[in-house]
>>> print(open('data.cif').read())   # mmCIF, C-alpha atoms
data_start
#
loop_
_atom_site.label_atom_id
_atom_site.label_comp_id
_atom_site.auth_asym_id
_atom_site.auth_seq_id
_atom_site.Cartn_x
_atom_site.Cartn_y
_atom_site.Cartn_z
CA MET D 1 6.32 -2.75 28.33
CA SER D 2 8.72 -4.67 26.12
CA SER D 3 9.80 -3.66 22.65
CA PRO D 4 10.09 -6.68 20.38
CA SER D 5 10.84 -4.60 17.31
CA ASP D 6 12.70 -1.38 16.61
CA VAL D 7 13.35 -0.35 13.03
CA THR D 8 15.36 2.65 11.91
CA ILE D 9 13.86 4.24 8.78
CA ARG D 10 16.42 5.58 6.31
CA SER D 11 15.26 4.21 2.96
CA ASP D 12 12.18 2.79 1.25
CA LEU D 13 13.49 -0.71 2.03
CA ASP D 14 13.24 0.09 5.76
CA ILE D 15 9.51 0.81 5.24
CA VAL D 16 9.10 -2.82 4.13
CA ILE D 17 11.14 -4.06 7.12
CA ALA D 18 9.03 -1.98 9.56
CA ARG D 19 5.69 -3.16 8.23
CA THR D 20 6.83 -6.80 7.96
CA SER D 21 8.08 -6.88 11.54
CA ALA D 22 4.90 -5.17 12.84
CA ARG D 23 2.84 -7.79 11.03
CA ASP D 24 4.96 -10.58 12.57
CA VAL D 25 4.40 -9.18 16.07
CA ALA D 26 0.65 -8.82 15.41
CA LYS D 27 0.49 -12.41 14.20
CA ARG D 28 2.34 -13.65 17.30
CA LEU D 29 -0.12 -11.72 19.47
CA GLY D 30 -3.02 -13.56 17.86
CA PHE D 31 -4.46 -10.77 15.68
CA GLY D 32 -6.53 -12.08 12.75
CA ALA D 33 -5.42 -11.75 9.13
CA ILE D 34 -7.44 -8.59 8.48
CA ASP D 35 -6.20 -6.79 11.60
CA GLN D 36 -2.64 -7.88 10.72
CA ALA D 37 -3.12 -6.18 7.33
CA ARG D 38 -4.57 -3.04 8.99
CA ILE D 39 -1.61 -2.82 11.39
CA ALA D 40 1.01 -3.47 8.68
CA THR D 41 -0.64 -0.92 6.35
CA ALA D 42 -0.77 1.75 9.08
CA VAL D 43 2.93 1.15 9.82
CA SER D 44 3.71 1.42 6.11
CA GLU D 45 1.95 4.81 5.92
CA LEU D 46 3.64 6.17 9.05
CA ALA D 47 7.10 4.87 8.11
CA ARG D 48 6.76 6.39 4.65
CA ASN D 49 5.88 9.75 6.20
CA ILE D 50 9.10 9.56 8.23
CA PHE D 51 11.10 8.72 5.09
CA LEU D 52 9.43 11.41 2.93
CA TYR D 53 9.26 14.32 5.35
CA ALA D 54 11.94 13.77 8.00
CA GLY D 55 14.45 11.65 6.08
CA SER D 56 15.02 9.35 9.02
CA GLY D 57 13.43 8.20 12.25
CA THR D 58 12.36 5.10 14.14
CA VAL D 59 9.36 2.80 14.25
CA SER D 60 9.04 0.69 17.37
CA VAL D 61 6.43 -1.92 18.14
CA HIS D 62 5.35 -2.63 21.73
CA LEU D 63 3.12 -5.23 23.29
CA LEU D 64 0.26 -3.96 25.43
CA ASP D 65 -1.37 -5.86 28.26
CA ARG D 66 -3.90 -3.83 30.24
CA LEU D 67 -6.38 -5.49 32.58
CA GLY D 68 -6.24 -8.62 30.50
CA ARG D 69 -6.65 -6.74 27.20
CA CYS D 70 -3.95 -7.54 24.70
CA GLY D 71 -2.86 -5.05 22.08
CA ILE D 72 -0.09 -3.65 19.94
CA GLU D 73 1.38 -0.17 20.12
CA ILE D 74 3.31 1.49 17.31
CA VAL D 75 5.54 4.45 18.14
CA CYS D 76 6.93 6.46 15.21
CA GLN D 77 9.43 9.18 15.99
CA ASP D 78 11.43 11.58 13.93
CA GLN D 79 13.44 14.75 14.37
CA GLY D 80 12.19 16.21 11.11
CA PRO D 81 10.70 19.64 10.37
CA GLY D 82 7.52 18.93 12.34
CA ILE D 83 3.92 19.69 11.40
CA ALA D 84 2.58 23.22 11.85
CA ASP D 85 -1.10 22.52 11.25
CA ILE D 86 -2.08 19.09 12.56
CA PRO D 87 -5.85 19.34 11.75
CA LEU D 88 -4.88 20.13 8.14
CA VAL D 89 -2.66 17.04 7.70
CA MET D 90 -5.36 14.87 9.27
CA GLN D 91 -7.76 15.87 6.45
CA ASP D 92 -8.36 13.33 3.72
CA GLY D 93 -6.69 14.32 0.50
CA TYR D 94 -4.26 16.87 1.92
CA SER D 95 -0.73 16.24 0.71
CA THR D 96 2.42 18.26 0.27
CA SER D 97 4.13 15.46 -1.66
CA ARG D 98 2.92 13.46 -4.66
CA GLY D 99 0.94 11.20 -2.32
CA MET D 100 -2.82 10.95 -2.19
CA GLY D 101 -2.98 12.53 1.23
CA MET D 102 -4.29 9.31 2.72
CA GLY D 103 -1.31 8.50 4.92
CA LEU D 104 -2.14 10.02 8.32
CA PRO D 105 -5.97 9.97 8.23
CA GLY D 106 -5.82 6.50 6.65
CA ALA D 107 -3.50 5.17 9.37
CA LYS D 108 -5.83 6.65 11.99
CA ARG D 109 -8.83 4.84 10.52
CA LEU D 110 -6.94 1.52 10.46
CA MET D 111 -5.97 1.70 14.16
CA ASP D 112 -8.12 1.97 17.33
CA GLU D 113 -6.22 4.82 19.01
CA PHE D 114 -4.10 7.46 17.33
CA ASP D 115 -2.15 10.31 18.87
CA LEU D 116 -0.01 12.72 16.85
CA ARG D 117 2.27 15.23 18.54
CA SER D 118 4.55 17.55 16.68
CA GLN D 119 6.66 20.59 17.22
CA VAL D 120 7.87 22.68 14.31
CA GLY D 121 11.65 22.37 14.04
CA ALA D 122 11.82 19.56 16.60
CA GLY D 123 10.05 16.58 15.11
CA THR D 124 6.95 14.43 15.18
CA THR D 125 5.79 11.49 17.28
CA VAL D 126 2.83 9.29 16.40
CA ILE D 127 1.62 6.71 18.89
CA CYS D 128 -1.14 4.38 17.75
CA ARG D 129 -2.67 1.26 19.20
CA LYS D 130 -4.84 -1.62 18.16
CA TRP D 131 -6.53 -3.99 20.60
CA ARG D 132 -7.09 -7.66 19.95
CA ARG D 133 -10.79 -8.44 19.69
CA MET A 1 20.18 -1.13 -5.07
CA ASP A 2 18.65 -2.75 -8.16
CA ALA A 3 14.95 -3.41 -7.90
CA LEU A 4 13.88 -7.00 -8.41
CA ARG A 5 12.06 -7.11 -11.74
CA ILE A 6 8.54 -8.50 -11.87
CA PRO A 7 8.11 -10.80 -14.90
CA ILE A 8 5.58 -9.69 -17.54
CA LEU A 9 4.26 -12.45 -19.82
CA LYS A 10 2.43 -12.08 -23.13
CA ILE A 11 -0.36 -14.34 -24.34
CA GLY A 12 -2.05 -13.22 -27.56
CA ASN A 13 -2.92 -9.55 -27.19
CA THR A 14 -2.78 -9.62 -23.42
CA LEU A 15 0.03 -9.06 -20.94
CA ILE A 16 -0.11 -11.04 -17.72
CA THR A 17 1.85 -10.23 -14.62
CA SER A 18 1.65 -11.57 -11.10
CA ILE A 19 3.17 -9.71 -8.17
CA GLN A 20 4.80 -12.33 -5.97
CA THR A 21 7.30 -10.28 -4.00
CA GLU A 22 7.03 -7.68 -1.25
CA LEU A 23 6.99 -4.40 -3.18
CA HIS A 24 9.13 -1.59 -1.93
CA ASP A 25 8.68 1.84 -3.48
CA ALA A 26 11.51 1.59 -6.01
CA SER A 27 10.49 -1.87 -7.23
CA ALA A 28 6.87 -0.69 -7.61
CA VAL A 29 7.95 2.28 -9.74
CA GLN A 30 10.24 0.01 -11.78
CA PHE A 31 7.27 -2.30 -12.38
CA LYS A 32 5.14 0.59 -13.68
CA ASP A 33 7.90 1.69 -16.08
CA ASP A 34 8.55 -1.89 -17.29
CA LEU A 35 4.85 -2.53 -17.83
CA LEU A 36 4.26 0.64 -19.88
CA GLU A 37 7.35 -0.11 -21.98
CA ARG A 38 6.12 -3.66 -22.64
CA ILE A 39 2.68 -2.35 -23.64
CA HIS A 40 4.37 -0.02 -26.10
CA THR A 41 6.65 -2.68 -27.63
CA THR A 42 4.02 -5.46 -27.76
CA ARG A 43 0.97 -3.27 -28.55
CA ALA A 44 -0.98 -5.32 -26.03
CA GLN A 45 -4.69 -4.48 -25.81
CA GLY A 46 -5.14 -5.69 -22.26
CA VAL A 47 -3.13 -6.13 -19.08
CA VAL A 48 -3.97 -8.44 -16.19
CA ILE A 49 -2.21 -7.70 -12.92
CA ASP A 50 -2.69 -10.59 -10.52
CA LEU A 51 -2.51 -9.64 -6.84
CA THR A 52 -3.32 -13.07 -5.36
CA ALA A 53 0.01 -13.18 -3.50
CA VAL A 54 -0.08 -9.55 -2.35
CA ASP A 55 -1.00 -9.18 1.33
CA LEU A 56 -0.58 -5.40 1.62
CA VAL A 57 -1.45 -2.43 -0.58
CA ASP A 58 -0.72 0.88 1.11
CA SER A 59 -1.51 4.34 -0.27
CA PHE A 60 1.76 4.47 -2.24
CA ILE A 61 1.14 1.20 -4.08
CA GLY A 62 -2.57 2.03 -4.36
CA ARG A 63 -1.75 5.33 -6.04
CA LEU A 64 0.71 3.59 -8.33
CA ILE A 65 -1.92 1.04 -9.40
CA SER A 66 -4.36 3.88 -10.00
CA ASP A 67 -1.70 5.70 -12.06
CA ILE A 68 -1.00 2.52 -14.08
CA GLY A 69 -4.71 2.30 -14.88
CA ALA A 70 -4.82 5.92 -16.04
CA MET A 71 -1.58 5.67 -18.04
CA CYS A 72 -2.61 2.43 -19.74
CA GLY A 73 -5.93 4.08 -20.58
CA LEU A 74 -4.05 6.93 -22.28
CA MET A 75 -2.11 4.37 -24.29
CA GLY A 76 -5.32 2.58 -25.34
CA THR A 77 -4.84 -0.49 -23.17
CA GLN A 78 -7.11 -1.73 -20.41
CA VAL A 79 -6.02 -3.03 -17.03
CA VAL A 80 -7.75 -5.64 -14.90
CA LEU A 81 -6.66 -6.37 -11.33
CA THR A 82 -7.33 -9.91 -10.20
CA GLY A 83 -7.25 -11.89 -6.98
CA ILE A 84 -7.39 -9.02 -4.45
CA GLN A 85 -7.36 -10.62 -0.98
CA PRO A 86 -10.17 -9.75 1.50
CA ALA A 87 -7.72 -8.05 3.87
CA VAL A 88 -6.35 -5.92 1.02
CA ALA A 89 -9.85 -4.92 -0.14
CA ILE A 90 -10.81 -3.95 3.43
CA THR A 91 -7.67 -1.90 4.12
CA LEU A 92 -7.89 -0.15 0.73
CA VAL A 93 -11.46 1.01 1.38
CA GLU A 94 -10.63 2.00 4.97
CA LEU A 95 -7.65 3.98 3.70
CA GLY A 96 -10.01 5.75 1.31
CA LEU A 97 -8.54 4.25 -1.87
CA GLU A 98 -11.32 2.55 -3.77
CA LEU A 99 -9.61 2.59 -7.20
CA PRO A 100 -12.88 3.56 -8.90
CA ARG A 101 -11.54 3.58 -12.47
CA ILE A 102 -9.82 0.21 -12.29
CA HIS A 103 -11.50 -2.98 -13.53
CA THR A 104 -11.25 -6.02 -11.28
CA ALA A 105 -12.02 -9.71 -11.44
CA LEU A 106 -12.16 -12.42 -8.79
CA ASN A 107 -9.23 -14.38 -10.17
CA LEU A 108 -6.78 -14.60 -13.06
CA GLU A 109 -9.02 -16.89 -15.09
CA LYS A 110 -11.98 -14.49 -14.87
CA GLY A 111 -9.70 -11.53 -15.59
CA LEU A 112 -8.40 -13.13 -18.79
CA ALA A 113 -11.95 -14.09 -19.79
CA LEU A 114 -12.88 -10.38 -19.79
CA PHE A 115 -10.49 -9.78 -22.68
CA GLN A 116 -11.28 -13.01 -24.49
CA SER A 117 -15.03 -12.42 -24.48
CA LYS A 118 -14.70 -8.80 -25.58
CA PRO A 119 -11.81 -8.49 -28.00
CA GLU A 120 -12.48 -4.77 -28.44
CA GLY A 121 -12.00 -4.27 -24.74
CA ILE A 122 -13.99 -3.94 -21.59
CA GLY A 123 -16.82 -1.47 -21.61
CA HIS A 124 -17.04 -1.28 -25.41
CA GLU A 125 -20.19 -2.85 -26.78
CA GLN A 126 -19.80 -5.02 -29.82
CA PRO A 127 -21.84 -3.94 -32.86
#
>>> encode(input="data.cif", output="C-alpha coordinates")
Amino acid sequence: MSSPSDVTIRSDLDIVIARTSARDVAKRLGFGAIDQARIATAVSELARNIFLYAGSGTVSVHLLDRLGRCGIEIVCQDQGPGIADIPLVMQDGYSTSRGMGMGLPGAKRLMDEFDLRSQVGAGTTVICRKWRR
Amino acid sequence: MDALRIPILKIGNTLITSIQTELHDASAVQFKDDLLERIHTTRAQGVVIDLTAVDLVDSFIGRLISDIGAMCGLMGTQVVLTGIQPAVAITLVELGLELPRIHTALNLEKGLALFQSKPEGIGHEQP
(Lines of atoms letter the chains of each structure in order from A and count residues from 1; the text may use other names and numbers.)
(Lines give C-alpha, C1' and ligand atoms only; values in the text may rest on other atoms or scores of the structure.)
Protein backbone atom coordinates (compact mmCIF):
# COMPACT_ATOMS: atom_id res chain seq x y z
CA MET A 1 0.00 0.00 0.00
CA SER A 2 1.60 3.24 -1.13
CA SER A 3 1.02 6.63 0.42
CA PRO A 4 0.89 9.33 -2.24
CA SER A 5 -0.02 12.04 0.23
CA ASP A 6 0.85 12.82 3.83
CA VAL A 7 -0.18 16.16 5.31
CA THR A 8 0.68 17.41 8.77
CA ILE A 9 -2.18 19.43 10.27
CA ARG A 10 -1.09 22.41 12.36
CA SER A 11 -3.25 25.26 11.09
CA ASP A 12 -6.46 25.92 9.19
CA LEU A 13 -4.38 26.30 6.01
CA ASP A 14 -3.26 22.67 6.38
CA ILE A 15 -6.95 21.63 6.31
CA VAL A 16 -7.15 23.11 2.80
CA ILE A 17 -3.90 21.36 1.76
CA ALA A 18 -5.18 17.99 3.09
CA ARG A 19 -8.53 18.17 1.33
CA THR A 20 -7.00 19.46 -1.93
CA SER A 21 -4.43 16.67 -2.06
CA ALA A 22 -7.06 14.01 -1.23
CA ARG A 23 -9.21 15.34 -4.06
CA ASP A 24 -6.21 15.21 -6.44
CA VAL A 25 -5.55 11.57 -5.53
CA ALA A 26 -9.25 10.71 -5.95
CA LYS A 27 -9.27 12.37 -9.36
CA ARG A 28 -6.17 10.45 -10.44
CA LEU A 29 -7.84 7.22 -9.31
CA GLY A 30 -10.78 7.93 -11.59
CA PHE A 31 -13.42 8.90 -9.00
CA GLY A 32 -16.24 11.02 -10.46
CA ALA A 33 -16.74 14.68 -9.56
CA ILE A 34 -19.35 13.97 -6.88
CA ASP A 35 -17.29 11.28 -5.15
CA GLN A 36 -14.25 13.60 -5.33
CA ALA A 37 -16.32 16.22 -3.47
CA ARG A 38 -17.49 13.62 -0.91
CA ILE A 39 -13.90 12.50 -0.25
CA ALA A 40 -12.52 16.06 -0.05
CA THR A 41 -15.35 17.13 2.27
CA ALA A 42 -14.84 14.13 4.58
CA VAL A 43 -11.10 14.94 4.75
CA SER A 44 -11.92 18.57 5.53
CA GLU A 45 -14.15 17.51 8.45
CA LEU A 46 -11.61 15.05 9.86
CA ALA A 47 -8.65 17.41 9.44
CA ARG A 48 -10.60 20.18 11.16
CA ASN A 49 -11.33 17.86 14.09
CA ILE A 50 -7.58 17.24 14.43
CA PHE A 51 -6.89 20.99 14.35
CA LEU A 52 -9.72 21.89 16.79
CA TYR A 53 -9.39 19.11 19.35
CA ALA A 54 -5.83 17.79 19.16
CA GLY A 55 -3.97 20.84 17.85
CA SER A 56 -1.90 18.77 15.47
CA GLY A 57 -1.85 15.43 13.70
CA THR A 58 -1.54 13.84 10.28
CA VAL A 59 -3.82 13.01 7.37
CA SER A 60 -2.50 10.41 4.95
CA VAL A 61 -4.10 9.19 1.78
CA HIS A 62 -3.53 5.64 0.51
CA LEU A 63 -4.48 3.83 -2.65
CA LEU A 64 -6.41 0.59 -2.25
CA ASP A 65 -6.43 -2.27 -4.71
CA ARG A 66 -8.26 -5.37 -3.48
CA LEU A 67 -9.28 -8.14 -5.86
CA GLY A 68 -9.47 -5.65 -8.68
CA ARG A 69 -11.47 -3.12 -6.64
CA CYS A 70 -9.90 0.31 -6.59
CA GLY A 71 -10.38 2.67 -3.68
CA ILE A 72 -8.98 5.41 -1.51
CA GLU A 73 -8.16 5.20 2.18
CA ILE A 74 -7.82 8.20 4.47
CA VAL A 75 -5.97 7.76 7.77
CA CYS A 76 -6.24 10.60 10.30
CA GLN A 77 -4.13 10.36 13.42
CA ASP A 78 -3.54 12.57 16.38
CA GLN A 79 -2.09 12.37 19.86
CA GLY A 80 -4.76 14.62 21.30
CA PRO A 81 -6.97 14.16 24.37
CA GLY A 82 -8.94 11.30 22.79
CA ILE A 83 -12.68 10.68 22.82
CA ALA A 84 -14.30 9.17 25.91
CA ASP A 85 -17.74 8.46 24.48
CA ILE A 86 -17.52 7.49 20.80
CA PRO A 87 -21.29 6.79 20.28
CA LEU A 88 -21.99 10.30 21.61
CA VAL A 89 -19.65 12.06 19.13
CA MET A 90 -21.09 10.00 16.28
CA GLN A 91 -24.55 11.50 16.98
CA ASP A 92 -25.75 14.20 14.64
CA GLY A 93 -25.70 17.60 16.27
CA TYR A 94 -23.37 16.76 19.15
CA SER A 95 -20.56 19.29 19.43
CA THR A 96 -18.24 20.52 22.13
CA SER A 97 -17.01 23.40 19.97
CA ARG A 98 -18.96 26.02 18.04
CA GLY A 99 -19.43 23.54 15.19
CA MET A 100 -22.72 22.07 14.10
CA GLY A 101 -21.77 18.62 15.29
CA MET A 102 -21.81 17.32 11.73
CA GLY A 103 -18.11 16.57 11.40
CA LEU A 104 -17.76 12.90 12.38
CA PRO A 105 -21.24 11.56 11.49
CA GLY A 106 -21.15 13.65 8.30
CA ALA A 107 -17.75 12.27 7.27
CA LYS A 108 -19.05 8.75 7.95
CA ARG A 109 -22.03 9.29 5.66
CA LEU A 110 -19.81 10.62 2.87
CA MET A 111 -17.48 7.57 2.91
CA ASP A 112 -18.19 3.83 2.40
CA GLU A 113 -16.29 2.52 5.43
CA PHE A 114 -15.49 4.39 8.62
CA ASP A 115 -13.60 3.22 11.68
CA LEU A 116 -12.87 5.45 14.68
CA ARG A 117 -10.57 4.33 17.47
CA SER A 118 -9.65 6.47 20.39
CA GLN A 119 -8.03 6.24 23.76
CA VAL A 120 -8.46 8.98 26.33
CA GLY A 121 -5.11 10.69 26.89
CA ALA A 122 -3.46 8.90 23.97
CA GLY A 123 -5.16 10.12 20.81
CA THR A 124 -7.56 9.27 18.04
CA THR A 125 -7.27 7.43 14.73
CA VAL A 126 -9.93 7.51 12.03
CA ILE A 127 -9.59 5.22 9.02
CA CYS A 128 -12.14 5.64 6.25
CA ARG A 129 -12.42 4.28 2.75
CA LYS A 130 -14.31 4.92 -0.43
CA TRP A 131 -14.46 2.47 -3.33
CA ARG A 132 -14.61 3.48 -6.96
CA ARG A 133 -17.91 2.48 -8.51
CA MET B 1 -1.12 35.34 7.74
CA ASP B 2 -3.47 37.86 6.12
CA ALA B 3 -6.59 36.37 4.63
CA LEU B 4 -7.15 37.05 0.95
CA ARG B 5 -10.10 39.42 0.76
CA ILE B 6 -13.10 38.48 -1.36
CA PRO B 7 -14.31 41.47 -3.41
CA ILE B 8 -17.84 42.75 -2.65
CA LEU B 9 -19.48 44.81 -5.41
CA LYS B 10 -22.51 47.08 -5.15
CA ILE B 11 -25.13 47.54 -7.85
CA GLY B 12 -28.12 49.65 -6.84
CA ASN B 13 -29.38 48.36 -3.50
CA THR B 14 -27.73 44.98 -3.89
CA LEU B 15 -24.30 43.67 -2.95
CA ILE B 16 -22.81 41.02 -5.20
CA THR B 17 -19.94 38.78 -4.27
CA SER B 18 -18.48 35.73 -5.95
CA ILE B 19 -16.26 33.31 -4.07
CA GLN B 20 -13.47 32.36 -6.46
CA THR B 21 -10.78 31.14 -4.09
CA GLU B 22 -10.36 28.09 -1.88
CA LEU B 23 -11.71 29.27 1.47
CA HIS B 24 -9.75 28.44 4.56
CA ASP B 25 -11.36 29.10 7.93
CA ALA B 26 -9.77 32.50 8.55
CA SER B 27 -10.60 33.83 5.07
CA ALA B 28 -14.20 32.62 5.45
CA VAL B 29 -14.58 34.46 8.78
CA GLN B 30 -12.96 37.56 7.27
CA PHE B 31 -15.48 37.40 4.42
CA LYS B 32 -18.41 37.29 6.88
CA ASP B 33 -17.07 40.32 8.77
CA ASP B 34 -16.36 42.28 5.56
CA LEU B 35 -19.81 41.50 4.17
CA LEU B 36 -21.69 42.61 7.31
CA GLU B 37 -19.62 45.81 7.46
CA ARG B 38 -20.40 46.56 3.79
CA ILE B 39 -24.12 45.97 4.40
CA HIS B 40 -23.97 48.43 7.26
CA THR B 41 -22.08 51.14 5.33
CA THR B 42 -24.04 50.76 2.06
CA ARG B 43 -27.47 49.97 3.58
CA ALA B 44 -27.87 47.29 0.93
CA GLN B 45 -31.27 45.57 0.90
CA GLY B 46 -30.05 42.37 -0.70
CA VAL B 47 -26.89 40.30 -0.98
CA VAL B 48 -26.11 37.75 -3.68
CA ILE B 49 -23.34 35.29 -2.87
CA ASP B 50 -22.33 33.42 -6.01
CA LEU B 51 -20.86 29.97 -5.38
CA THR B 52 -20.42 28.91 -9.03
CA ALA B 53 -16.66 28.47 -8.57
CA VAL B 54 -16.88 26.76 -5.18
CA ASP B 55 -16.31 23.00 -5.36
CA LEU B 56 -16.44 22.24 -1.62
CA VAL B 57 -18.61 23.41 1.27
CA ASP B 58 -17.83 21.57 4.48
CA SER B 59 -19.67 21.95 7.81
CA PHE B 60 -17.54 24.94 8.84
CA ILE B 61 -18.28 26.95 5.69
CA GLY B 62 -21.87 25.68 5.70
CA ARG B 63 -22.36 26.94 9.24
CA LEU B 64 -20.76 30.25 8.31
CA ILE B 65 -23.14 30.68 5.35
CA SER B 66 -26.05 29.83 7.62
CA ASP B 67 -24.78 32.39 10.17
CA ILE B 68 -24.42 35.03 7.43
CA GLY B 69 -28.05 34.43 6.46
CA ALA B 70 -29.22 34.82 10.06
CA MET B 71 -27.06 37.90 10.72
CA CYS B 72 -28.12 39.62 7.51
CA GLY B 73 -31.73 38.86 8.45
CA LEU B 74 -31.20 40.62 11.79
CA MET B 75 -29.82 43.62 9.92
CA GLY B 76 -32.83 43.69 7.58
CA THR B 77 -31.01 42.41 4.49
CA GLN B 78 -31.75 39.27 2.53
CA VAL B 79 -29.20 36.81 1.20
CA VAL B 80 -29.47 34.68 -1.91
CA LEU B 81 -26.94 31.95 -2.72
CA THR B 82 -26.49 31.28 -6.41
CA GLY B 83 -24.80 28.71 -8.61
CA ILE B 84 -24.41 25.86 -6.09
CA GLN B 85 -22.72 22.98 -7.96
CA PRO B 86 -24.41 19.53 -7.97
CA ALA B 87 -21.54 17.98 -5.99
CA VAL B 88 -21.80 20.73 -3.35
CA ALA B 89 -25.59 20.31 -3.05
CA ILE B 90 -25.18 16.53 -2.65
CA THR B 91 -22.42 16.72 -0.03
CA LEU B 92 -24.27 19.43 1.93
CA VAL B 93 -27.42 17.31 2.21
CA GLU B 94 -25.40 14.17 3.02
CA LEU B 95 -23.55 16.09 5.72
CA GLY B 96 -26.93 17.09 7.14
CA LEU B 97 -26.63 20.80 6.30
CA GLU B 98 -29.61 21.79 4.22
CA LEU B 99 -29.45 25.54 4.95
CA PRO B 100 -33.24 25.71 5.32
CA ARG B 101 -33.46 29.46 5.97
CA ILE B 102 -31.28 30.52 3.06
CA HIS B 103 -32.75 31.58 -0.29
CA THR B 104 -31.11 30.13 -3.39
CA ALA B 105 -31.25 30.63 -7.13
CA LEU B 106 -29.87 28.62 -10.04
CA ASN B 107 -27.45 31.32 -11.17
CA LEU B 108 -26.36 34.91 -10.56
CA GLU B 109 -28.81 36.31 -13.10
CA LYS B 110 -31.79 34.60 -11.45
CA GLY B 111 -30.52 35.59 -8.00
CA LEU B 112 -30.36 39.27 -8.97
CA ALA B 113 -33.79 39.03 -10.60
CA LEU B 114 -35.26 38.04 -7.20
CA PHE B 115 -34.36 41.46 -5.82
CA GLN B 116 -35.25 43.37 -8.96
CA SER B 117 -38.73 41.87 -9.22
CA LYS B 118 -39.47 42.37 -5.53
CA PRO B 119 -37.89 45.60 -4.37
CA GLU B 120 -39.30 45.11 -0.87
CA GLY B 121 -37.47 41.83 -0.62
CA ILE B 122 -38.05 38.16 -1.03
CA GLY B 123 -41.02 36.70 0.74
CA HIS B 124 -42.77 40.05 1.24
CA GLU B 125 -45.90 40.39 -0.86
CA GLN B 126 -46.40 43.69 -2.60
CA PRO B 127 -49.63 45.51 -1.72
>>> closest_residue(input="data.cif", among="D:Ile83, D:Ala54, D:Ile72, D:Met111", to="D:Phe31", atoms="only C-alpha atoms")
D:Ile72
>>> resolve_selection(input="data.cif", expression="the PyMOL selection byres ((chain A and resi 4-18) around 6)", output="list of chain:residue names")
A:Ala3, A:Ile19, A:Ala44, A:Gln45, A:Gly46, A:Val47, A:Val48, A:Ile49, A:Asp50
>>> residues_around(input="data.cif", residues="D:Arg117", least_positions_apart="6", cutoff="7 Å", atoms="only C-alpha atoms", output="list of chain:residue names")
D:Thr124, D:Thr125, D:Val126
>>> atom_distance(input="data.cif", atom1="atom CA of D:Arg23", atom2="atom CA of A:Asp33")
29.2 Å
>>> interface_residues(input="data.cif", of="chain A", to="chain D", cutoff="12 Å", atoms="only C-alpha atoms", output="PyMOL selection string")
chain A and resi 1-3+21-29+54-64+66-67+85-99
>>> atom_distance(input="data.cif", atom1="atom CA of D:Ile127", atom2="atom CA of D:Leu46")
10.1 Å
>>> resolve_selection(input="data.cif", expression="the PyMOL selection byres ((chain D and resi 130) around 7)", output="MDAnalysis selection string")
chainID D and resid 71:73 111:113 129 131:132
>>> atom_distance(input="data.cif", atom1="atom CA of D:Gly30", atom2="atom CA of D:Ala18")
18.7 Å
>>> closest_residue(input="data.cif", among="D:Ile86, D:Cys70, D:Ile9, D:Leu29", to="D:Phe51", atoms="all atoms listed in the file")
D:Ile9
>>> residues_around(input="data.cif", residues="D:Ala122", least_positions_apart="6", cutoff="8 Å", atoms="only C-alpha atoms", output="ChimeraX atom specification")
/D:79-82
>>> resolve_selection(input="data.cif", expression="the PyMOL selection byres ((chain A and resi 101) around 8)", output="list in words")
Ser66, Gly69, Ala70, Leu99, Pro100, Ile102 and His103 of chain A
